[in-house]
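Student: Sharing model.txt here; it has compact mmCIF, C-alpha atoms.
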# COMPACT_ATOMS: atom_id res chain seq x y z
CA MET D 1 -9.25 -15.03 -26.30
CA VAL D 2 -11.29 -16.87 -23.67
CA GLU D 3 -11.51 -20.61 -24.18
CA SER D 4 -14.74 -22.19 -25.47
CA GLN D 5 -17.67 -22.49 -23.08
CA ALA D 6 -17.06 -26.25 -22.82
CA SER D 7 -13.43 -25.89 -21.69
CA ALA D 8 -13.76 -22.65 -19.67
CA PHE D 9 -13.12 -22.98 -15.92
CA LYS D 10 -16.19 -21.53 -14.18
CA THR D 11 -16.63 -21.32 -10.43
CA GLY D 12 -19.42 -18.76 -10.16
CA LEU D 13 -16.95 -16.17 -8.86
CA LYS D 14 -17.79 -12.57 -9.72
CA VAL D 15 -15.39 -9.65 -9.35
CA GLN D 16 -15.93 -5.90 -9.21
CA ASN D 17 -14.47 -4.75 -12.52
CA SER D 18 -13.44 -1.09 -12.73
CA ILE D 19 -13.65 -1.22 -16.53
CA SER D 20 -17.29 -2.33 -16.76
CA LYS D 21 -18.21 -0.58 -13.45
CA GLN D 22 -20.04 -3.72 -12.31
CA LYS D 23 -19.55 -7.23 -10.96
CA ASP D 24 -18.57 -9.54 -13.81
CA GLU D 25 -18.34 -13.31 -13.82
CA PHE D 26 -14.67 -14.22 -13.61
CA ILE D 27 -13.60 -16.60 -16.37
CA PRO D 28 -9.85 -16.82 -17.08
CA GLN D 29 -8.71 -16.98 -20.68
CA LYS D 30 -6.91 -20.28 -20.26
CA GLY D 31 -8.59 -22.85 -18.02
CA LYS D 32 -7.54 -22.42 -14.39
CA GLU D 33 -4.53 -20.22 -15.25
CA VAL D 34 -4.86 -16.61 -14.03
CA SER D 35 -2.45 -13.90 -15.22
CA TRP D 36 -2.33 -10.99 -12.77
CA TYR D 37 -0.29 -7.77 -12.64
CA MET D 38 -0.26 -5.59 -9.52
CA CYS D 39 1.14 -2.07 -9.26
CA GLY D 40 3.86 -2.05 -6.62
CA PRO D 41 5.29 0.83 -4.56
CA THR D 42 7.45 3.80 -5.51
CA VAL D 43 10.33 3.30 -3.10
CA TYR D 44 11.38 6.60 -1.54
CA ASP D 45 9.85 6.50 1.97
CA SER D 46 8.26 4.20 4.55
CA ALA D 47 5.21 2.20 3.48
CA HIS D 48 2.04 3.50 5.10
CA LEU D 49 -1.41 2.26 6.14
CA GLY D 50 -2.78 2.82 2.62
CA HIS D 51 -0.11 0.51 1.21
CA ALA D 52 -0.96 -2.05 3.87
CA ARG D 53 -4.63 -2.02 2.90
CA THR D 54 -3.97 -2.51 -0.80
CA TYR D 55 -1.44 -5.31 -0.52
CA VAL D 56 -3.15 -7.17 2.34
CA CYS D 57 -6.53 -7.06 0.58
CA PHE D 58 -5.14 -8.37 -2.69
CA ASP D 59 -3.26 -11.03 -0.72
CA PHE D 60 -6.65 -12.13 0.67
CA ILE D 61 -8.20 -12.21 -2.80
CA LYS D 62 -5.29 -14.11 -4.34
CA ARG D 63 -5.33 -16.75 -1.59
CA ILE D 64 -9.11 -17.20 -1.88
CA MET D 65 -8.87 -17.58 -5.66
CA ARG D 66 -6.06 -20.11 -5.32
CA ASP D 67 -6.93 -22.05 -2.17
CA TYR D 68 -10.75 -22.03 -2.33
CA PHE D 69 -11.67 -21.68 -5.99
CA GLY D 70 -8.70 -23.65 -7.32
CA TYR D 71 -7.23 -21.14 -9.77
CA ASN D 72 -3.53 -21.26 -10.62
CA VAL D 73 -2.63 -17.62 -10.03
CA PHE D 74 0.55 -16.13 -11.53
CA LEU D 75 1.22 -12.70 -10.00
CA ALA D 76 3.74 -10.14 -11.25
CA MET D 77 4.43 -6.87 -9.42
CA ASN D 78 6.68 -3.91 -10.17
CA ILE D 79 8.97 -1.79 -8.03
CA THR D 80 9.19 1.81 -9.23
CA ASP D 81 12.84 2.66 -8.59
CA ILE D 82 13.14 5.46 -11.19
CA ASP D 83 10.93 8.42 -10.32
CA ASP D 84 11.13 12.17 -9.70
CA LYS D 85 10.32 11.66 -6.00
CA ILE D 86 13.23 9.24 -5.62
CA ILE D 87 15.61 11.56 -7.48
CA MET D 88 14.60 14.56 -5.37
CA ARG D 89 14.64 12.78 -1.99
CA SER D 90 17.98 11.03 -2.56
CA SER D 91 19.52 14.32 -3.73
CA GLU D 92 18.21 16.18 -0.66
CA LEU D 93 19.72 13.54 1.63
CA GLY D 94 22.97 13.27 -0.30
CA GLU D 95 22.48 9.56 -0.99
CA GLU D 96 23.29 7.68 -4.19
CA PHE D 97 20.14 7.26 -6.28
CA HIS D 98 20.16 3.47 -6.78
CA ALA D 99 21.30 2.66 -3.22
CA PHE D 100 18.56 4.93 -1.85
CA ALA D 101 15.86 3.10 -3.82
CA LYS D 102 17.24 -0.32 -2.83
CA LYS D 103 17.14 0.66 0.85
CA TRP D 104 13.46 1.57 0.72
CA GLU D 105 12.59 -1.45 -1.40
CA ALA D 106 14.06 -3.70 1.30
CA ASP D 107 12.11 -1.75 3.92
CA TYR D 108 8.86 -2.31 2.00
CA PHE D 109 9.35 -6.07 1.71
CA GLU D 110 10.22 -6.23 5.42
CA ASP D 111 6.84 -4.65 6.18
CA MET D 112 5.01 -7.02 3.83
CA ALA D 113 6.63 -10.04 5.52
CA ALA D 114 5.45 -8.74 8.90
CA LEU D 115 1.90 -8.53 7.49
CA ASN D 116 2.15 -12.09 6.11
CA VAL D 117 1.71 -10.88 2.52
CA GLU D 118 3.01 -13.50 0.10
CA LEU D 119 5.67 -12.50 -2.41
CA PRO D 120 4.66 -12.19 -6.08
CA HIS D 121 5.95 -14.82 -8.49
CA VAL D 122 7.81 -12.11 -10.43
CA ILE D 123 9.17 -8.79 -9.16
CA THR D 124 10.24 -6.26 -11.79
CA ARG D 125 12.24 -3.06 -11.30
CA VAL D 126 12.12 -0.17 -13.73
CA SER D 127 15.92 0.18 -13.67
CA GLU D 128 16.24 -3.38 -15.02
CA PHE D 129 13.82 -2.88 -17.95
CA VAL D 130 14.90 0.41 -19.55
CA PRO D 131 15.77 -1.23 -22.93
CA GLU D 132 12.32 -2.85 -23.06
CA ILE D 133 10.70 0.51 -22.21
CA VAL D 134 12.65 2.18 -25.02
CA ASP D 135 11.55 -0.53 -27.48
CA MET D 136 7.89 -0.15 -26.47
CA THR D 137 8.11 3.62 -26.84
CA LYS D 138 9.61 3.29 -30.32
CA LYS D 139 6.79 1.01 -31.45
CA ILE D 140 4.11 3.35 -30.09
CA ILE D 141 5.72 6.13 -32.15
CA ASP D 142 5.79 3.84 -35.20
CA ASN D 143 2.10 3.04 -34.69
CA GLY D 144 1.31 6.76 -34.82
CA PHE D 145 0.36 7.33 -31.18
CA ALA D 146 3.42 9.17 -29.80
CA TYR D 147 5.87 11.87 -30.86
CA GLU D 148 9.31 13.18 -29.92
CA SER D 149 9.62 16.76 -28.71
CA ASN D 150 12.83 18.40 -27.54
CA GLY D 151 14.40 15.14 -26.38
CA SER D 152 11.29 13.78 -24.64
CA VAL D 153 8.58 11.50 -26.04
CA TYR D 154 4.88 12.10 -25.39
CA PHE D 155 1.81 9.95 -25.91
CA ASP D 156 -0.57 11.61 -28.37
CA THR D 157 -3.98 11.35 -26.70
CA ALA D 158 -5.79 13.03 -29.60
CA ALA D 159 -4.40 10.52 -32.12
CA PHE D 160 -5.34 7.67 -29.79
CA GLU D 161 -8.87 8.94 -29.20
CA ALA D 162 -9.45 9.09 -32.96
CA LYS D 163 -9.20 5.29 -33.12
CA HIS D 164 -9.60 3.98 -29.56
CA ASN D 165 -11.40 4.59 -26.28
CA TYR D 166 -9.26 6.75 -23.96
CA ARG D 167 -10.01 6.92 -20.23
CA LYS D 168 -11.97 3.72 -19.77
CA LEU D 169 -11.68 3.87 -15.98
CA VAL D 170 -12.41 7.56 -15.35
CA PRO D 171 -14.36 8.96 -18.34
CA LYS D 172 -14.40 12.70 -18.98
CA VAL D 173 -16.77 14.51 -16.65
CA ASN D 174 -17.93 18.07 -15.93
CA THR D 175 -15.58 21.03 -16.22
CA GLU D 176 -14.96 21.46 -12.48
CA ASP D 177 -14.00 17.82 -12.00
CA GLU D 178 -11.92 17.87 -15.19
CA ALA D 179 -9.83 20.74 -13.78
CA ALA D 180 -9.00 18.63 -10.73
CA LEU D 181 -8.19 15.62 -12.89
CA ASN D 182 -5.95 17.71 -15.14
CA GLU D 183 -4.06 18.81 -12.04
CA GLU D 184 -3.60 15.13 -11.11
CA LEU D 185 -2.34 14.46 -14.63
CA GLN D 186 0.28 17.20 -14.38
CA ASN D 187 1.31 16.07 -10.88
CA ALA D 188 1.82 12.56 -12.23
CA GLU D 189 4.40 13.91 -14.67
CA GLY D 190 6.62 14.76 -11.70
CA LYS D 191 7.93 18.00 -10.23
CA LEU D 192 11.21 17.74 -12.14
CA SER D 193 9.27 17.68 -15.42
CA ALA D 194 6.93 20.61 -14.76
CA ASN D 195 8.74 22.96 -17.14
CA LEU D 196 8.48 20.50 -20.05
CA ALA D 197 4.71 20.99 -20.47
CA GLN D 198 5.22 23.45 -23.33
CA ASP D 199 6.70 20.63 -25.43
CA LYS D 200 3.34 18.80 -25.62
CA LYS D 201 0.85 19.00 -28.48
CA ASN D 202 -2.09 18.61 -26.10
CA GLY D 203 -2.45 19.29 -22.40
CA SER D 204 -3.59 15.71 -21.80
CA ASP D 205 -0.53 14.18 -23.47
CA PHE D 206 1.83 12.42 -21.07
CA ALA D 207 5.50 11.50 -21.05
CA LEU D 208 6.68 8.10 -22.21
CA TRP D 209 10.32 9.22 -22.10
CA LYS D 210 11.67 12.23 -20.19
CA LYS D 211 14.71 14.21 -21.18
CA SER D 212 17.08 14.30 -18.20
CA LYS D 213 18.60 17.54 -16.97
CA GLU D 214 22.21 17.84 -15.91
CA GLY D 215 22.94 15.86 -12.76
CA GLU D 216 19.82 13.67 -13.02
CA PRO D 217 20.01 9.89 -13.56
CA HIS D 218 19.86 9.07 -17.25
CA TRP D 219 19.92 6.24 -19.77
CA ASP D 220 20.64 6.24 -23.50
CA SER D 221 17.83 6.30 -26.03
CA PRO D 222 17.25 7.23 -29.70
CA TRP D 223 16.00 10.62 -28.42
CA GLY D 224 19.01 11.38 -26.23
CA GLU D 225 19.77 10.81 -22.57
CA GLY D 226 16.71 10.52 -20.37
CA ARG D 227 14.59 8.21 -18.22
CA PRO D 228 11.20 6.46 -18.49
CA GLY D 229 7.95 8.22 -17.77
CA TRP D 230 5.91 6.83 -14.91
CA HIS D 231 3.07 5.10 -16.80
CA ILE D 232 5.11 3.32 -19.48
CA GLU D 233 7.06 1.24 -16.97
CA CYS D 234 4.12 -0.96 -15.99
CA SER D 235 3.04 -1.55 -19.59
CA ALA D 236 6.52 -2.60 -20.64
CA MET D 237 7.29 -4.81 -17.64
CA ALA D 238 3.90 -6.52 -17.47
CA SER D 239 4.09 -7.32 -21.17
CA GLN D 240 7.34 -9.22 -20.64
CA PHE D 241 5.65 -11.82 -18.43
CA LEU D 242 1.90 -11.75 -19.06
CA PRO D 243 -0.27 -12.32 -22.14
CA CYS D 244 -2.23 -9.65 -23.94
CA PRO D 245 -4.86 -9.31 -22.71
CA MET D 246 -4.00 -10.24 -19.13
CA ASP D 247 -6.74 -11.48 -16.81
CA ILE D 248 -6.34 -9.11 -13.84
CA HIS D 249 -4.64 -5.80 -13.15
CA SER D 250 -4.89 -4.32 -9.64
CA GLY D 251 -3.90 -1.36 -7.51
CA GLY D 252 -5.20 1.37 -5.23
CA ILE D 253 -8.12 3.50 -6.41
CA ASP D 254 -5.91 6.61 -6.40
CA LEU D 255 -4.08 5.10 -9.40
CA ARG D 256 -7.18 4.82 -11.62
CA PHE D 257 -6.45 8.19 -13.24
CA PRO D 258 -4.11 9.09 -14.66
CA HIS D 259 -1.84 6.10 -14.10
CA HIS D 260 -4.06 3.15 -14.99
CA ASP D 261 -6.02 4.93 -17.71
CA ASN D 262 -2.73 5.91 -19.34
CA GLU D 263 -1.36 2.38 -18.94
CA LEU D 264 -4.38 1.03 -20.80
CA ALA D 265 -4.04 3.62 -23.57
CA GLN D 266 -0.33 3.18 -24.26
CA SER D 267 -0.57 -0.62 -24.07
CA GLU D 268 -3.48 -0.74 -26.51
CA ALA D 269 -1.52 1.67 -28.74
CA TYR D 270 1.48 -0.68 -28.60
CA PHE D 271 -0.49 -3.88 -29.31
CA ASP D 272 -2.88 -2.03 -31.64
CA ASN D 273 -5.94 -3.58 -29.99
CA ASP D 274 -8.76 -2.52 -27.68
CA GLU D 275 -8.18 -4.80 -24.68
CA TRP D 276 -5.02 -5.03 -22.61
CA VAL D 277 -6.75 -5.89 -19.30
CA ARG D 278 -9.93 -7.93 -18.85
CA TYR D 279 -10.65 -7.28 -15.14
CA PHE D 280 -9.33 -4.17 -13.39
CA MET D 281 -9.61 -4.23 -9.58
CA HIS D 282 -9.06 -1.29 -7.21
CA THR D 283 -9.02 -1.10 -3.43
CA GLY D 284 -11.02 1.78 -1.94
CA HIS D 285 -9.76 5.04 -0.46
CA LEU D 286 -8.42 5.03 3.10
CA ASN D 287 -8.96 8.13 5.23
CA ILE D 288 -7.79 8.96 8.74
CA ASP D 289 -10.64 10.35 10.86
CA GLY D 290 -12.39 11.43 7.68
CA LEU D 291 -9.35 13.18 6.21
CA LYS D 292 -6.88 12.20 3.52
CA MET D 293 -3.67 10.87 5.04
CA SER D 294 -0.78 13.30 4.60
CA LYS D 295 2.32 14.45 6.42
CA SER D 296 1.10 18.04 6.34
CA LEU D 297 -1.98 17.04 8.38
CA LYS D 298 0.25 15.06 10.75
CA ASN D 299 -1.91 11.96 10.32
CA PHE D 300 0.58 9.96 8.23
CA ILE D 301 0.69 6.45 9.73
CA THR D 302 3.52 4.12 8.72
CA ILE D 303 3.35 0.34 8.93
CA LYS D 304 6.60 0.28 10.91
CA ASN D 305 5.23 2.57 13.57
CA MET D 306 2.02 0.57 13.98
CA LEU D 307 3.96 -2.69 14.22
CA LYS D 308 5.46 -1.39 17.46
CA THR D 309 2.02 -1.91 19.06
CA TYR D 310 0.15 -4.36 16.80
CA ASN D 311 1.04 -7.51 14.87
CA GLY D 312 0.34 -8.73 11.36
CA ARG D 313 -2.84 -10.59 12.39
CA HIS D 314 -4.26 -7.34 13.76
CA PHE D 315 -3.62 -5.58 10.44
CA ARG D 316 -5.27 -8.37 8.51
CA MET D 317 -8.32 -8.41 10.78
CA LEU D 318 -8.53 -4.61 10.47
CA PHE D 319 -8.92 -4.86 6.70
CA LEU D 320 -11.26 -7.86 6.89
CA ASN D 321 -13.62 -5.60 8.85
CA HIS D 322 -14.17 -3.50 5.71
CA HIS D 323 -15.19 -4.31 2.15
CA TRP D 324 -11.99 -4.34 0.09
CA ASN D 325 -13.09 -1.87 -2.60
CA ALA D 326 -15.21 0.47 -0.44
CA PRO D 327 -13.92 3.65 1.24
CA MET D 328 -12.47 2.98 4.68
CA ASN D 329 -12.21 5.45 7.55
CA PHE D 330 -9.49 4.57 10.06
CA ARG D 331 -10.07 5.87 13.59
CA PRO D 332 -6.99 6.22 15.80
CA PRO D 333 -7.66 5.46 19.50
CA LYS D 334 -8.62 8.47 21.62
CA ASP D 335 -10.46 9.11 24.88
CA ASN D 336 -12.95 6.24 25.35
CA ASP D 337 -12.82 5.15 21.70
CA ARG D 338 -10.49 2.18 21.22
CA GLY D 339 -10.34 3.03 17.53
CA SER D 340 -10.34 0.85 14.44
CA MET D 341 -7.30 -1.14 15.48
CA GLY D 342 -8.70 -1.77 18.95
CA GLU D 343 -11.79 -3.30 17.36
CA ALA D 344 -9.58 -5.45 15.14
CA VAL D 345 -7.59 -6.67 18.16
CA GLU D 346 -10.81 -7.69 19.96
CA LYS D 347 -12.15 -9.52 16.93
CA ASP D 348 -8.84 -11.31 16.40
CA LYS D 349 -8.89 -12.39 20.06
CA TYR D 350 -12.46 -13.70 19.65
CA PHE D 351 -11.56 -15.84 16.63
CA ARG D 352 -8.34 -17.14 18.20
CA GLU D 353 -10.18 -18.23 21.33
CA PHE D 354 -12.91 -19.85 19.25
CA ILE D 355 -10.37 -21.84 17.20
CA LEU D 356 -8.48 -22.87 20.33
CA GLY D 357 -11.76 -24.04 21.86
CA VAL D 358 -12.61 -26.13 18.80
CA LYS D 359 -9.15 -27.71 18.81
CA ALA D 360 -9.49 -28.55 22.51
CA ARG D 361 -12.87 -30.24 21.92
CA LEU D 362 -11.45 -32.24 19.01
CA ARG D 363 -8.48 -33.26 21.09
CA ASP D 364 -10.73 -34.50 23.90
CA SER D 365 -13.08 -36.41 21.58
CA PRO D 366 -12.68 -40.19 21.22
CA VAL D 367 -10.86 -40.98 17.99
CA SER D 368 -13.62 -43.35 16.88
CA SER D 369 -16.24 -40.59 17.12
CA SER D 370 -14.32 -37.94 15.19
CA LEU D 371 -14.14 -37.65 11.43
CA GLN D 372 -12.04 -34.46 11.55
CA LYS D 373 -8.47 -34.15 10.35
CA TRP D 374 -6.47 -31.92 12.67
Using structure tokens, write down the structure that the file contains.

Tutor:
Amino acid sequence: MVESQASAFKTGLKVQNSISKQKDEFIPQKGKEVSWYMCGPTVYDSAHLGHARTYVCFDFIKRIMRDYFGYNVFLAMNITDIDDKIIMRSSELGEEFHAFAKKWEADYFEDMAALNVELPHVITRVSEFVPEIVDMTKKIIDNGFAYESNGSVYFDTAAFEAKHNYRKLVPKVNTEDEAALNEELQNAEGKLSANLAQDKKNGSDFALWKKSKEGEPHWDSPWGEGRPGWHIECSAMASQFLPCPMDIHSGGIDLRFPHHDNELAQSEAYFDNDEWVRYFMHTGHLNIDGLKMSKSLKNFITIKNMLKTYNGRHFRMLFLNHHWNAPMNFRPPKDNDRGSMGEAVEKDKYFREFILGVKARLRDSPVSSSLQKW
């Protein structure tokens, strides 16, 4: 519960809240203390330009909240190191599952350091929180919002909707759009789990615990050997370090549905309340020359590759040139167009020269005539 009006820490800051769909005044629950959870990467490949935008932009916001507004920000972030993509890719390459994930986790943090993105206060890995995920799943079943089916456990969206508000971030829309969203929901379950759909009561139900097939990584549970579903990991890990409700949850806009909507639902089912997150913040889509970035279109741009030509300051200026939660179109250089990064380089040069000029003037000023600290 937010503190009384007299003791609340107000700065006039407003944030774009994906839950209310508007800018809301930001008032932490506890004075200056801000509890924040950020969705981290699934570590199976190189981090790309979309990752860079999300984590650089939230690094900006966190620093502004802390260094300008005076909030005490506590940030927790997860690493998804149990996932169908990781299992499939490591198997294809003949690499051990855990070592494969560790390798790409280290690669991600190397990229973030190059972009001058500060580390979170807490980093959680799914593989280290399986018992907590099992406990959360058991309680959701006990609360009447999940069921076991053939060794897997599914969240019962119909039971939840009877008592709560499901899909706060992306409400149900017209039939055509719903078909596309349902496809996203099934894709989020993972390719290795595609044949388990017949075990669900409802098409919109999603896995909290997946039964593992022979040869797949597995952990013990009351329902047999298996592994966590994708959405439950964030709910369980965030709840170990942050209050309910937390102040901020953040991630890329592509995670709004189904991931973040399902996080909200299962967490509210676990705590048996209607508010797990107070302010949800999402960075906007990033396209390459107007198209979605993908390897099939051969426009997949990794951070590592761009760092061969540009530095971390250039990346940060690139994203400062765009509103953090608006769609962004990245233009690679071609012909006479220097592209988005070329513009960022020029702007960075302009600011560096300006700052150097100011420092030179201060240095040449008589001490008695200068009130500046430098």

Student: Take atom CA of D:Gly12 and atom CA of D:Tyr71 and report the distance between them in Å, one decimal.

Tutor: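 So the answer is 12.4 Å.
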
Student: Write out as a VMD selection string each polymer residue whose atoms come within 8 Å of D:Ser212, counting all atoms listed in the file; drop sequence neighbours fewer than 4 positions from it.

Tutor: chain D and resid 216 to 218 225 to 227

Student: Would you list the contacts of D:Ala159 as a PyMOL selection string, taking every protein, DNA or RNA residue within 10 Å and counting all atoms listed in the file, but skipping same-chain residues closer than 2 positions in sequence?

Tutor: chain D and resi 144-146+155-157+161-164+269

Student: If I take atom CA of D:Arg278 and atom CA of D:Asn17, how far is one from the other in Å, to one decimal?

Tutor: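 Atom CA of D:Asn17 lies at a distance of 8.4 Å from atom CA of D:Arg278.
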
Student: Here is a test: counting all atoms listed in the file, which residue of D:His249, D:His285, D:His260, D:Lys295 is nearest to D:His231?

Tutor: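 Checking each of D:His249, D:His285, D:His260, D:Lys295 against D:His231, counting all atoms listed in the file, the winner is D:His260.
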
Student: Distance atom CA of D:Asn202-atom CA of D:Glu148, one decimal place?

Tutor: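 Distance between the two atoms: 13.2 Å.
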
Student: For D:Asn305, which of D:Glu263, D:Asp111, D:Asp205, D:Glu189 is the closest residue, counting only C-alpha atoms?

Tutor: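 Using only C-alpha atoms, D:Asn305 sits closest to D:Asp111.
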
Student: Per residue of stretch 254-326 of chain D within 12 Å of stretch 91-107 of chain D, note the shortest atom pair and the distance in Å to one decimal, counting only C-alpha atoms, and order the rows by chain and increasing residue number, as a tab-separated table.

Tutor:
residue	atom	partner	partner_atom	distance
D:Thr302	CA	D:Asp107	CA	11.5
D:Ile303	CA	D:Asp107	CA	10.3
D:Lys304	CA	D:Asp107	CA	9.1

Student: For D:Phe280, which of D:Ile27, D:Ile355, D:Cys57, D:Leu169 is the closest residue, counting all atoms listed in the file?

Tutor: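 Once distances to D:Phe280 are computed over all atoms listed in the file, the minimum belongs to D:Leu169.
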
Student: Using only C-alpha atoms, determine which residues lie at most 9 Å from D:Ser127, disregarding the query and same-chain residues fewer than 6 positions distant; provide the list as a list in words.

Tutor: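 Residues meeting the cut-off are Thr80, Asp81, Ile82 and His98 of chain D.
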
Student: Sorted by chain and rising residue number, which residues of stretch 286-354 of chain D lie within 10 Å of stretch 47-56 of chain D, and what are their closest atom pairs and distances in Å to one decimal, counting all atoms listed in the file, as CSV?

Tutor:
residue,atom,partner,partner_atom,distance
D:Leu286,CA,D:Gly50,CA,6.1
D:Asn287,CA,D:Gly50,CA,8.6
D:Ile288,CA,D:Leu49,CA,9.6
D:Met293,CA,D:Gly50,CA,8.5
D:Phe300,CA,D:His48,CA,7.3
D:Ile301,CA,D:His48,CA,5.7
D:Thr302,CA,D:His48,CA,4.0
D:Ile303,CA,D:His48,CA,5.1
D:Lys304,CA,D:Ala47,CA,7.8
D:Asn305,CA,D:His48,CA,9.1
D:Met306,CA,D:Leu49,CA,8.7
D:Gly312,CA,D:Val56,CA,9.8
D:Phe315,CA,D:Ala52,CA,7.9
D:Arg316,CA,D:Val56,CA,6.6
D:Met317,CA,D:Val56,CA,10.0
D:Leu318,CA,D:Arg53,CA,8.9
D:Phe319,CA,D:Arg53,CA,6.4
D:Leu320,CA,D:Val56,CA,9.3
D:Trp324,CA,D:Arg53,CA,8.2
D:Asn325,CA,D:Thr54,CA,9.3
D:Met328,CA,D:Arg53,CA,9.5
D:Phe330,CA,D:Leu49,CA,9.3

Student: Restricting the calculation to all atoms listed in the file: of D:Tyr37, D:Tyr166, D:Phe74, D:Phe69, which residue gets closest to D:Ala265?

Tutor: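 The closest residue to D:Ala265 is D:Tyr166.
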
Student: From the options D:Ala158, D:Val122, D:Ile86, D:Leu192, which residue's atoms come nearest to D:Met38, counting all atoms listed in the file?

Tutor: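 Smallest distance to D:Met38 is found for D:Val122.
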
Student: Which is closest to D:Trp230 among D:Val126, D:Met136, D:Leu264, D:Ala113, if we use all atoms listed in the file?

Tutor: D:Val126

Student: Do you know which residues are at most 10 Å from D:Ile123 counting only C-alpha atoms, after dropping those on the same chain fewer than 3 positions away, and could you put them as an MDAnalysis selection string?

Tutor: chainID D and resid 38 40 75:79 119:120 237

Student: Only N, CA, C and O atoms, please: stretch 55-67 of chain D from the block, as a PDB file, in the first residue's frame.

Tutor:
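New file part_34.pdb:
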ATOM      1  N   TYR D  55      17.707  -2.482 -22.931  1.00  0.00           N
ATOM      2  CA  TYR D  55      18.519  -2.374 -21.715  1.00  0.00           C
ATOM      3  C   TYR D  55      19.220  -1.027 -21.590  1.00  0.00           C
ATOM      4  O   TYR D  55      19.402  -0.526 -20.475  1.00  0.00           O
ATOM      5  N   VAL D  56      19.575  -0.404 -22.703  1.00  0.00           N
ATOM      6  CA  VAL D  56      20.148   0.950 -22.640  1.00  0.00           C
ATOM      7  C   VAL D  56      19.080   1.953 -22.208  1.00  0.00           C
ATOM      8  O   VAL D  56      19.327   2.814 -21.352  1.00  0.00           O
ATOM      9  N   CYS D  57      17.877   1.845 -22.775  1.00  0.00           N
ATOM     10  CA  CYS D  57      16.817   2.801 -22.418  1.00  0.00           C
ATOM     11  C   CYS D  57      16.435   2.705 -20.952  1.00  0.00           C
ATOM     12  O   CYS D  57      16.251   3.731 -20.277  1.00  0.00           O
ATOM     13  N   PHE D  58      16.314   1.497 -20.430  1.00  0.00           N
ATOM     14  CA  PHE D  58      15.969   1.377 -19.017  1.00  0.00           C
ATOM     15  C   PHE D  58      17.148   1.761 -18.115  1.00  0.00           C
ATOM     16  O   PHE D  58      16.954   2.185 -16.976  1.00  0.00           O
ATOM     17  N   ASP D  59      18.361   1.651 -18.641  1.00  0.00           N
ATOM     18  CA  ASP D  59      19.514   2.157 -17.900  1.00  0.00           C
ATOM     19  C   ASP D  59      19.436   3.678 -17.790  1.00  0.00           C
ATOM     20  O   ASP D  59      19.708   4.253 -16.730  1.00  0.00           O
ATOM     21  N   PHE D  60      19.037   4.345 -18.886  1.00  0.00           N
ATOM     22  CA  PHE D  60      18.817   5.795 -18.835  1.00  0.00           C
ATOM     23  C   PHE D  60      17.781   6.145 -17.765  1.00  0.00           C
ATOM     24  O   PHE D  60      17.992   7.029 -16.925  1.00  0.00           O
ATOM     25  N   ILE D  61      16.641   5.477 -17.831  1.00  0.00           N
ATOM     26  CA  ILE D  61      15.528   5.795 -16.927  1.00  0.00           C
ATOM     27  C   ILE D  61      15.923   5.560 -15.472  1.00  0.00           C
ATOM     28  O   ILE D  61      15.628   6.379 -14.595  1.00  0.00           O
ATOM     29  N   LYS D  62      16.602   4.463 -15.216  1.00  0.00           N
ATOM     30  CA  LYS D  62      17.022   4.160 -13.846  1.00  0.00           C
ATOM     31  C   LYS D  62      17.980   5.230 -13.326  1.00  0.00           C
ATOM     32  O   LYS D  62      17.848   5.703 -12.186  1.00  0.00           O
ATOM     33  N   ARG D  63      18.943   5.624 -14.148  1.00  0.00           N
ATOM     34  CA  ARG D  63      19.918   6.643 -13.718  1.00  0.00           C
ATOM     35  C   ARG D  63      19.231   7.986 -13.463  1.00  0.00           C
ATOM     36  O   ARG D  63      19.571   8.698 -12.514  1.00  0.00           O
ATOM     37  N   ILE D  64      18.279   8.353 -14.322  1.00  0.00           N
ATOM     38  CA  ILE D  64      17.565   9.617 -14.135  1.00  0.00           C
ATOM     39  C   ILE D  64      16.758   9.579 -12.841  1.00  0.00           C
ATOM     40  O   ILE D  64      16.750  10.546 -12.069  1.00  0.00           O
ATOM     41  N   MET D  65      16.081   8.472 -12.591  1.00  0.00           N
ATOM     42  CA  MET D  65      15.292   8.345 -11.364  1.00  0.00           C
ATOM     43  C   MET D  65      16.174   8.436 -10.131  1.00  0.00           C
ATOM     44  O   MET D  65      15.823   9.062  -9.131  1.00  0.00           O
ATOM     45  N   ARG D  66      17.346   7.819 -10.208  1.00  0.00           N
ATOM     46  CA  ARG D  66      18.261   7.789  -9.059  1.00  0.00           C
ATOM     47  C   ARG D  66      19.042   9.095  -8.916  1.00  0.00           C
ATOM     48  O   ARG D  66      19.053   9.700  -7.834  1.00  0.00           O
ATOM     49  N   ASP D  67      19.683   9.534  -9.999  1.00  0.00           N
ATOM     50  CA  ASP D  67      20.637  10.639  -9.904  1.00  0.00           C
ATOM     51  C   ASP D  67      19.982  12.016  -9.989  1.00  0.00           C
ATOM     52  O   ASP D  67      20.527  12.989  -9.471  1.00  0.00           O
TER      53      ASP D  67
END
